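Quick look at my_file.cif (mmCIF, C-alpha atoms and all ligand atoms):
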data_my_file
#
loop_
_atom_site.label_atom_id
_atom_site.label_comp_id
_atom_site.auth_asym_id
_atom_site.auth_seq_id
_atom_site.Cartn_x
_atom_site.Cartn_y
_atom_site.Cartn_z
CA MET U 1 -65.41 53.86 -49.58
CA LEU U 2 -66.68 53.94 -53.15
CA LYS U 3 -65.56 57.18 -54.75
CA ASN U 4 -67.90 59.23 -56.89
CA ILE U 5 -67.12 59.41 -60.59
CA LEU U 6 -65.10 62.64 -60.68
CA ASN U 7 -63.18 61.82 -57.52
CA TYR U 8 -62.35 58.39 -58.86
CA ALA U 9 -61.16 59.85 -62.18
CA HIS U 10 -58.74 62.10 -60.30
CA TYR U 11 -57.76 59.33 -57.89
CA LEU U 12 -56.77 57.09 -60.80
CA LEU U 13 -54.59 59.78 -62.34
CA GLN U 14 -52.99 60.53 -58.97
CA GLN U 15 -51.82 56.91 -58.84
CA THR U 16 -49.72 57.23 -61.99
CA VAL U 17 -49.04 60.88 -62.93
CA THR U 18 -45.92 62.25 -61.24
CA LYS U 19 -44.46 65.74 -60.74
CA GLY U 20 -42.75 67.22 -63.78
CA GLU U 21 -44.68 65.21 -66.36
CA THR U 22 -46.63 66.45 -69.37
CA VAL U 23 -50.31 65.50 -69.36
CA ILE U 24 -53.41 66.26 -71.42
CA ASP U 25 -56.85 67.56 -70.58
CA ALA U 26 -58.67 66.78 -73.83
CA THR U 27 -61.85 68.70 -72.86
CA CYS U 28 -61.03 71.57 -70.51
CA GLY U 29 -64.59 73.00 -70.18
CA ASN U 30 -64.69 74.99 -66.95
CA GLY U 31 -61.15 73.99 -66.06
CA ASN U 32 -61.71 71.72 -63.07
CA ASP U 33 -59.66 68.83 -64.46
CA THR U 34 -57.08 71.21 -65.92
CA LEU U 35 -56.51 72.81 -62.51
CA PHE U 36 -56.29 69.40 -60.86
CA LEU U 37 -53.67 68.25 -63.38
CA SER U 38 -51.79 71.54 -63.18
CA GLU U 39 -51.46 71.25 -59.40
CA HIS U 40 -50.58 67.58 -59.61
CA VAL U 41 -47.70 67.88 -62.12
CA GLY U 42 -46.33 70.98 -60.37
CA ASP U 43 -44.18 73.87 -61.62
CA LYS U 44 -41.88 71.66 -63.68
CA GLY U 45 -44.76 69.80 -65.32
CA HIS U 46 -46.94 70.88 -68.23
CA VAL U 47 -50.64 70.51 -69.07
CA LEU U 48 -51.96 70.75 -72.63
CA ALA U 49 -55.66 71.61 -72.39
CA PHE U 50 -57.99 71.49 -75.39
CA ASP U 51 -61.48 72.76 -76.07
CA ILE U 52 -63.34 73.82 -79.21
CA GLN U 53 -65.26 76.62 -77.44
CA GLU U 54 -63.77 80.01 -76.64
CA GLN U 55 -66.05 80.18 -73.60
CA ALA U 56 -64.42 77.06 -72.18
CA ILE U 57 -60.90 78.34 -72.85
CA ASP U 58 -61.80 81.66 -71.15
CA ASN U 59 -63.39 79.92 -68.15
CA THR U 60 -60.35 77.70 -67.74
CA LYS U 61 -57.95 80.64 -68.13
CA GLN U 62 -59.78 82.46 -65.36
CA LYS U 63 -59.78 79.44 -63.04
CA LEU U 64 -56.05 78.97 -63.57
CA ALA U 65 -55.34 82.67 -62.95
CA GLU U 66 -57.31 82.58 -59.68
CA ASN U 67 -55.10 79.70 -58.59
CA GLN U 68 -51.79 81.13 -59.88
CA SER U 69 -51.29 78.21 -62.26
CA SER U 70 -48.77 78.93 -64.98
CA ASN U 71 -47.89 75.50 -66.35
CA VAL U 72 -50.84 75.11 -68.74
CA THR U 73 -51.05 75.67 -72.50
CA LEU U 74 -54.66 76.30 -73.54
CA ILE U 75 -55.47 75.24 -77.08
CA LEU U 76 -58.62 76.29 -78.92
CA ASP U 77 -58.86 73.28 -81.20
CA SER U 78 -60.41 69.84 -81.36
CA HIS U 79 -58.62 67.08 -79.48
CA GLU U 80 -58.59 65.07 -82.70
CA ASN U 81 -55.70 67.39 -83.74
CA ILE U 82 -53.65 66.66 -80.62
CA ASN U 83 -50.80 65.33 -82.71
CA SER U 84 -50.05 68.82 -84.06
CA TYR U 85 -49.40 70.10 -80.54
CA ILE U 86 -47.35 67.30 -78.97
CA ASP U 87 -43.58 67.36 -79.11
CA PRO U 88 -42.54 64.12 -80.90
CA LYS U 89 -39.91 63.68 -78.15
CA LEU U 90 -42.78 63.01 -75.72
CA ALA U 91 -43.53 59.66 -77.36
CA GLY U 92 -43.52 57.05 -74.60
CA HIS U 93 -43.30 59.72 -71.87
CA LEU U 94 -46.75 61.30 -71.74
CA GLY U 95 -47.91 61.08 -68.12
CA GLY U 96 -51.64 60.63 -68.77
CA ALA U 97 -54.81 62.20 -70.13
CA ILE U 98 -58.38 62.90 -69.14
CA PHE U 99 -61.49 63.28 -71.29
CA ASN U 100 -64.64 64.60 -69.66
CA LEU U 101 -67.19 63.96 -72.40
CA GLY U 102 -70.47 65.70 -73.15
CA TYR U 103 -71.31 69.41 -73.22
CA LEU U 104 -70.08 72.47 -71.34
CA PRO U 105 -72.28 72.80 -68.22
CA LYS U 106 -74.70 75.79 -68.37
CA SER U 107 -73.90 76.25 -72.05
CA ASP U 108 -75.12 75.15 -75.50
CA LYS U 109 -76.08 71.47 -75.14
CA LYS U 110 -75.67 71.02 -78.88
CA VAL U 111 -71.90 71.50 -78.73
CA ILE U 112 -70.87 68.03 -77.60
CA THR U 113 -67.96 65.68 -77.86
CA LYS U 114 -68.48 63.09 -80.61
CA GLY U 115 -67.50 59.46 -80.99
CA GLU U 116 -65.37 59.83 -84.08
CA SER U 117 -63.19 62.70 -82.86
CA THR U 118 -62.98 61.25 -79.34
CA THR U 119 -61.75 57.88 -80.60
CA THR U 120 -59.30 59.57 -83.00
CA ALA U 121 -57.87 61.51 -80.06
CA ILE U 122 -57.59 58.40 -77.87
CA GLU U 123 -55.87 56.58 -80.72
CA THR U 124 -53.37 59.43 -81.05
CA ILE U 125 -52.63 59.56 -77.34
CA LEU U 126 -52.19 55.86 -76.56
CA PRO U 127 -48.83 55.35 -78.32
CA LYS U 128 -47.46 58.46 -76.58
CA LEU U 129 -48.29 57.27 -73.05
CA LYS U 130 -45.55 56.13 -70.69
CA LYS U 131 -45.62 52.55 -69.43
CA ASN U 132 -48.47 52.28 -66.91
CA GLY U 133 -49.82 55.65 -68.10
CA LEU U 134 -53.58 56.15 -68.08
CA VAL U 135 -56.22 57.69 -70.30
CA VAL U 136 -59.29 58.35 -68.16
CA LEU U 137 -62.64 58.95 -69.88
CA VAL U 138 -65.60 60.28 -67.94
CA ILE U 139 -68.56 59.31 -70.11
CA TYR U 140 -71.75 61.34 -69.80
CA HIS U 141 -74.42 59.94 -72.12
CA GLY U 142 -77.82 61.28 -70.96
CA HIS U 143 -77.90 64.16 -73.48
CA ASP U 144 -78.88 64.10 -77.19
CA GLY U 145 -76.04 62.41 -79.04
CA GLY U 146 -74.57 60.98 -75.84
CA LYS U 147 -75.57 57.38 -76.54
CA ASP U 148 -73.95 57.45 -79.99
CA GLU U 149 -70.68 58.64 -78.51
CA LYS U 150 -70.85 56.17 -75.61
CA ASN U 151 -71.37 53.28 -78.03
CA ALA U 152 -68.58 54.42 -80.36
CA VAL U 153 -66.11 54.79 -77.48
CA LEU U 154 -67.05 51.45 -75.90
CA ASN U 155 -66.82 49.72 -79.26
CA TYR U 156 -63.32 51.17 -79.69
CA VAL U 157 -61.97 50.39 -76.22
CA ILE U 158 -63.29 46.82 -75.93
CA HIS U 159 -61.25 45.95 -79.00
CA LEU U 160 -57.95 47.27 -77.64
CA ASP U 161 -55.36 44.50 -77.50
CA GLN U 162 -55.33 43.08 -73.97
CA LYS U 163 -51.63 42.31 -74.34
CA LYS U 164 -50.99 46.06 -74.60
CA TYR U 165 -53.73 47.70 -72.53
CA LYS U 166 -55.88 47.10 -69.48
CA VAL U 167 -59.35 48.62 -69.86
CA LEU U 168 -61.52 49.27 -66.80
CA ARG U 169 -65.17 50.38 -66.56
CA TYR U 170 -66.30 51.95 -63.27
CA GLY U 171 -69.81 53.19 -62.55
CA PHE U 172 -72.84 52.93 -60.30
CA ILE U 173 -75.39 50.51 -61.71
CA ASN U 174 -78.36 51.36 -59.45
CA GLN U 175 -78.51 55.10 -60.26
CA LYS U 176 -81.35 56.58 -62.34
CA ASN U 177 -81.12 58.91 -65.36
CA ASP U 178 -78.12 57.63 -67.31
CA PRO U 179 -75.39 58.17 -64.72
CA PRO U 180 -71.91 58.90 -66.03
CA PHE U 181 -69.25 56.20 -65.81
CA ILE U 182 -65.50 55.93 -66.21
CA VAL U 183 -63.46 54.05 -68.75
CA ALA U 184 -59.78 53.95 -67.88
CA ILE U 185 -57.17 52.62 -70.29
CA GLN U 186 -53.80 51.69 -68.85
CA LYS U 187 -50.83 51.03 -71.09
CA LYS U 188 -48.95 47.88 -70.07
C1 LIG U 201 -68.22 67.99 -69.93
S1 LIG U 201 -67.36 69.36 -70.59
C2 LIG U 201 -65.78 69.26 -69.84
C3 LIG U 201 -65.76 69.65 -68.39
C4 LIG U 201 -64.38 69.98 -67.87
N1 LIG U 201 -63.48 68.88 -67.89
C5 LIG U 201 -64.40 70.65 -66.50
O1 LIG U 201 -63.63 70.21 -65.62
O2 LIG U 201 -65.13 71.62 -66.34
C6 LIG U 201 -67.00 68.86 -72.26
C7 LIG U 201 -66.23 69.88 -73.05
O3 LIG U 201 -65.76 69.26 -74.26
C8 LIG U 201 -65.67 70.27 -75.23
N2 LIG U 201 -65.54 69.66 -76.57
C9 LIG U 201 -66.51 69.21 -77.39
N3 LIG U 201 -65.96 68.66 -78.51
C10 LIG U 201 -64.61 68.80 -78.37
C11 LIG U 201 -63.51 68.45 -79.20
N4 LIG U 201 -63.69 67.83 -80.38
N5 LIG U 201 -62.26 68.75 -78.77
C12 LIG U 201 -62.07 69.37 -77.56
N6 LIG U 201 -63.08 69.72 -76.74
C13 LIG U 201 -64.34 69.43 -77.14
C14 LIG U 201 -66.93 71.10 -75.00
O4 LIG U 201 -66.81 72.37 -75.60
C15 LIG U 201 -67.02 71.12 -73.48
O5 LIG U 201 -66.44 72.28 -72.95
#

Any chance you could give the structure as structure tokens?
Ligand SMILES: C[S@@+](CC[C@H](N)C(=O)[O-])C[C@H]1O[C@@H](n2cnc3c(N)ncnc32)[C@H](O)[C@@H]1O
Amino acid sequence: MLKNILNYAHYLLQQTVTKGETVIDATCGNGNDTLFLSEHVGDKGHVLAFDIQEQAIDNTKQKLAENQSSNVTLILDSHENINSYIDPKLAGHLGGAIFNLGYLPKSDKKVITKGESTTTAIETILPKLKKNGLVVLVIYHGHDGGKDEKNAVLNYVIHLDQKKYKVLRYGFINQKNDPPFIVAIQKK
């Protein structure tokens, strides 16, 4: 069956992320993806979760506590600064990353992810990925500013060298109201 967008994003990561790995949630928001990654990498794994809003960090902290997750480092900073938080020894070993773009649900719709910082973060993460590792982007673009980010991200990913990366787009083309879609980048 065709999976919905969020299920497919998780499904893709489940195919490549293994127990014990370090992974990144670049936009932790309410913590749904962070919890998923935390459970998937297990006690010996590690999740680095970023958000620029304290509300998001608090929501994620609470969700993790309710689920007894203790393998996550929450970072109140923009994902464009990811490099400052990654151990250089991880280069070539990062298990994967997810970006859920847009704004924090039920919060200020003006605080949104932006094309420039998103592409900077992707560019930082790609060299650190393991072989066959994935960066999964869930692209919401119906809000103010969403189209600019969508275009910037697509313009960046379609130019990635096909000898080094496979780039997939997955989405439903008969849905109304700017449905979200996935871009997944796999390192060869
Ligand atoms: C769609 S929400 C993420 C939803 C989240 N993955 C979940 O499972 O609930 C997008 C989040 O990106 C955050 N954000 C915006 N710009 C950011 C940036 N430069 N770095 C990190 N997070 C950012 C927002 O604060 C918001 O919480």

Nearby polymer residues, ligand LIG 201 (chain U), at most 7 Å, only C-alpha atoms and all ligand atoms, as a PyMOL selection string: chain U and resi 26-34+50-53+56+77-80+99-105+111-114+117-118

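Non-sequential neighbours of Leu74 of chain U (distance at most 8 Å, separation of 6 or more positions within a chain, all atoms listed in the file) are Leu48, Ala49, Phe50, Ile57 and Lys61 of chain U.
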
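If you measure from each of U:Phe181, U:Lys44, U:Leu64, U:Gly133 to Gly20 of chain U using all atoms listed in the file, the closest one turns out to be U:Lys44.
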
Atom-to-atom span, atom CA of Leu94 of chain U and atom CA of Ile24 of chain U, Å: 8.3 Å

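For the atom pair formed by atom CA of Thr73 of chain U and atom CA of Val47 of chain U, the distance is 6.2 Å, given to one decimal.
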
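Nearest to Leu126 of chain U of all the residues U:Asn71, U:Asn174, U:Gln14, U:Gln186 is U:Gln186, counting all atoms listed in the file.
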
Answer as a ChimeraX atom specification, residues within 12 Å of (-45.0, 79.6, -64.4) using all atoms listed in the file: /U:38-39,42-47,64-65,67-73

Selected residue of minimal separation from Ala184 of chain U among U:Gly96, U:Gly115, U:Gly142, U:Pro127, counting only C-alpha atoms: U:Gly96

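One finds atom CA of Ala152 of chain U at 21.6 Å from atom CA of Leu6 of chain U.
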
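Nearest-residue note for Pro179 of chain U: choosing from U:Leu90, U:Ile5, U:Leu129, U:Ile82, the minimum distance belongs to U:Ile5, counting only C-alpha atoms.
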
Within-12 Å shell of (-71.0, 51.2, -67.6) in input frame, only C-alpha atoms, as a PyMOL selection string: chain U and resi 5+137-141+147+150-151+153-154+168-175+178-184

Got time to write the residues from that selection, C-alpha atoms, as a PDB file, in the coordinates of the input?
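Below is the file selection_21.pdb, written as the result:
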ATOM      1  CA  ILE U   5     -67.120  59.410 -60.590  1.00  0.00           C
ATOM      2  CA  LEU U 137     -62.640  58.950 -69.880  1.00  0.00           C
ATOM      3  CA  VAL U 138     -65.600  60.280 -67.940  1.00  0.00           C
ATOM      4  CA  ILE U 139     -68.560  59.310 -70.110  1.00  0.00           C
ATOM      5  CA  TYR U 140     -71.750  61.340 -69.800  1.00  0.00           C
ATOM      6  CA  HIS U 141     -74.420  59.940 -72.120  1.00  0.00           C
ATOM      7  CA  LYS U 147     -75.570  57.380 -76.540  1.00  0.00           C
ATOM      8  CA  LYS U 150     -70.850  56.170 -75.610  1.00  0.00           C
ATOM      9  CA  ASN U 151     -71.370  53.280 -78.030  1.00  0.00           C
ATOM     10  CA  VAL U 153     -66.110  54.790 -77.480  1.00  0.00           C
ATOM     11  CA  LEU U 154     -67.050  51.450 -75.900  1.00  0.00           C
ATOM     12  CA  LEU U 168     -61.520  49.270 -66.800  1.00  0.00           C
ATOM     13  CA  ARG U 169     -65.170  50.380 -66.560  1.00  0.00           C
ATOM     14  CA  TYR U 170     -66.300  51.950 -63.270  1.00  0.00           C
ATOM     15  CA  GLY U 171     -69.810  53.190 -62.550  1.00  0.00           C
ATOM     16  CA  PHE U 172     -72.840  52.930 -60.300  1.00  0.00           C
ATOM     17  CA  ILE U 173     -75.390  50.510 -61.710  1.00  0.00           C
ATOM     18  CA  ASN U 174     -78.360  51.360 -59.450  1.00  0.00           C
ATOM     19  CA  GLN U 175     -78.510  55.100 -60.260  1.00  0.00           C
ATOM     20  CA  ASP U 178     -78.120  57.630 -67.310  1.00  0.00           C
ATOM     21  CA  PRO U 179     -75.390  58.170 -64.720  1.00  0.00           C
ATOM     22  CA  PRO U 180     -71.910  58.900 -66.030  1.00  0.00           C
ATOM     23  CA  PHE U 181     -69.250  56.200 -65.810  1.00  0.00           C
ATOM     24  CA  ILE U 182     -65.500  55.930 -66.210  1.00  0.00           C
ATOM     25  CA  VAL U 183     -63.460  54.050 -68.750  1.00  0.00           C
ATOM     26  CA  ALA U 184     -59.780  53.950 -67.880  1.00  0.00           C
TER      27      ALA U 184
END

Using all atoms of segment 86-97 of chain U that appear in the file, construct an axis-aligned enclosing box with 4 Å of padding on every side and provide its centre coordinates and edge lengths in Å, rounded to one decimal, as lines of an AutoDock Vina configuration file.
center_x = -47.4
center_y = 62.2
center_z = -74.5
size_x = 22.9
size_y = 18.3
size_z = 20.8

Val167 of chain U surroundings by only C-alpha atoms, 10 Å radius, close-in-sequence under 3 positions cut, as a VMD selection string: chain U and resid 134 to 136 157 to 162 164 183 to 187

Selected residue, from U:Lys110, U:His40, U:Leu35, U:Gly95, that lies nearest to Tyr11 of chain U when counting all atoms listed in the file: U:His40

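Comparing the minimum interatomic distances between Ser107 of chain U and each of U:Gln55, U:Ile125, U:Asn83, U:Gly146, counting only C-alpha atoms, we find that U:Gln55 sits nearest.
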
Would you fill out segment 67-80 of chain U with N, CA, C and O atoms and return it as a PDB file, in the coordinates of the input?
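File written: part_26.pdb
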ATOM      1  N   ASN U  67     -55.890  80.652 -59.378  1.00  0.00           N
ATOM      2  CA  ASN U  67     -55.100  79.700 -58.590  1.00  0.00           C
ATOM      3  C   ASN U  67     -53.600  79.803 -58.887  1.00  0.00           C
ATOM      4  O   ASN U  67     -52.837  78.895 -58.552  1.00  0.00           O
ATOM      5  N   GLN U  68     -53.210  80.889 -59.544  1.00  0.00           N
ATOM      6  CA  GLN U  68     -51.790  81.130 -59.880  1.00  0.00           C
ATOM      7  C   GLN U  68     -51.131  79.942 -60.583  1.00  0.00           C
ATOM      8  O   GLN U  68     -49.980  79.610 -60.312  1.00  0.00           O
ATOM      9  N   SER U  69     -51.870  79.317 -61.494  1.00  0.00           N
ATOM     10  CA  SER U  69     -51.290  78.210 -62.260  1.00  0.00           C
ATOM     11  C   SER U  69     -50.657  78.740 -63.529  1.00  0.00           C
ATOM     12  O   SER U  69     -51.310  79.470 -64.284  1.00  0.00           O
ATOM     13  N   SER U  70     -49.432  78.374 -63.786  1.00  0.00           N
ATOM     14  CA  SER U  70     -48.770  78.930 -64.980  1.00  0.00           C
ATOM     15  C   SER U  70     -48.105  77.834 -65.810  1.00  0.00           C
ATOM     16  O   SER U  70     -47.232  78.110 -66.612  1.00  0.00           O
ATOM     17  N   ASN U  71     -48.523  76.599 -65.618  1.00  0.00           N
ATOM     18  CA  ASN U  71     -47.890  75.500 -66.350  1.00  0.00           C
ATOM     19  C   ASN U  71     -48.837  74.853 -67.366  1.00  0.00           C
ATOM     20  O   ASN U  71     -48.696  73.678 -67.696  1.00  0.00           O
ATOM     21  N   VAL U  72     -49.819  75.647 -67.833  1.00  0.00           N
ATOM     22  CA  VAL U  72     -50.840  75.110 -68.740  1.00  0.00           C
ATOM     23  C   VAL U  72     -50.792  75.839 -70.079  1.00  0.00           C
ATOM     24  O   VAL U  72     -50.691  77.069 -70.118  1.00  0.00           O
ATOM     25  N   THR U  73     -50.862  75.076 -71.171  1.00  0.00           N
ATOM     26  CA  THR U  73     -51.050  75.670 -72.500  1.00  0.00           C
ATOM     27  C   THR U  73     -52.491  75.380 -72.919  1.00  0.00           C
ATOM     28  O   THR U  73     -52.891  74.206 -72.997  1.00  0.00           O
ATOM     29  N   LEU U  74     -53.253  76.462 -73.134  1.00  0.00           N
ATOM     30  CA  LEU U  74     -54.660  76.300 -73.540  1.00  0.00           C
ATOM     31  C   LEU U  74     -54.745  76.339 -75.058  1.00  0.00           C
ATOM     32  O   LEU U  74     -54.190  77.242 -75.692  1.00  0.00           O
ATOM     33  N   ILE U  75     -55.445  75.377 -75.613  1.00  0.00           N
ATOM     34  CA  ILE U  75     -55.470  75.240 -77.080  1.00  0.00           C
ATOM     35  C   ILE U  75     -56.923  75.208 -77.573  1.00  0.00           C
ATOM     36  O   ILE U  75     -57.691  74.284 -77.229  1.00  0.00           O
ATOM     37  N   LEU U  76     -57.273  76.222 -78.353  1.00  0.00           N
ATOM     38  CA  LEU U  76     -58.620  76.290 -78.920  1.00  0.00           C
ATOM     39  C   LEU U  76     -58.657  75.455 -80.194  1.00  0.00           C
ATOM     40  O   LEU U  76     -58.465  75.975 -81.302  1.00  0.00           O
ATOM     41  N   ASP U  77     -58.822  74.179 -80.032  1.00  0.00           N
ATOM     42  CA  ASP U  77     -58.860  73.280 -81.200  1.00  0.00           C
ATOM     43  C   ASP U  77     -59.444  71.944 -80.724  1.00  0.00           C
ATOM     44  O   ASP U  77     -59.486  71.662 -79.523  1.00  0.00           O
ATOM     45  N   SER U  78     -59.859  71.149 -81.696  1.00  0.00           N
ATOM     46  CA  SER U  78     -60.410  69.840 -81.360  1.00  0.00           C
ATOM     47  C   SER U  78     -59.297  68.892 -80.915  1.00  0.00           C
ATOM     48  O   SER U  78     -58.204  68.895 -81.485  1.00  0.00           O
ATOM     49  N   HIS U  79     -59.629  68.046 -79.944  1.00  0.00           N
ATOM     50  CA  HIS U  79     -58.620  67.080 -79.480  1.00  0.00           C
ATOM     51  C   HIS U  79     -58.233  66.081 -80.565  1.00  0.00           C
ATOM     52  O   HIS U  79     -57.223  65.405 -80.434  1.00  0.00           O
ATOM     53  N   GLU U  80     -59.006  66.003 -81.650  1.00  0.00           N
ATOM     54  CA  GLU U  80     -58.590  65.070 -82.700  1.00  0.00           C
ATOM     55  C   GLU U  80     -57.301  65.556 -83.379  1.00  0.00           C
ATOM     56  O   GLU U  80     -56.636  64.794 -84.089  1.00  0.00           O
TER      57      GLU U  80
END
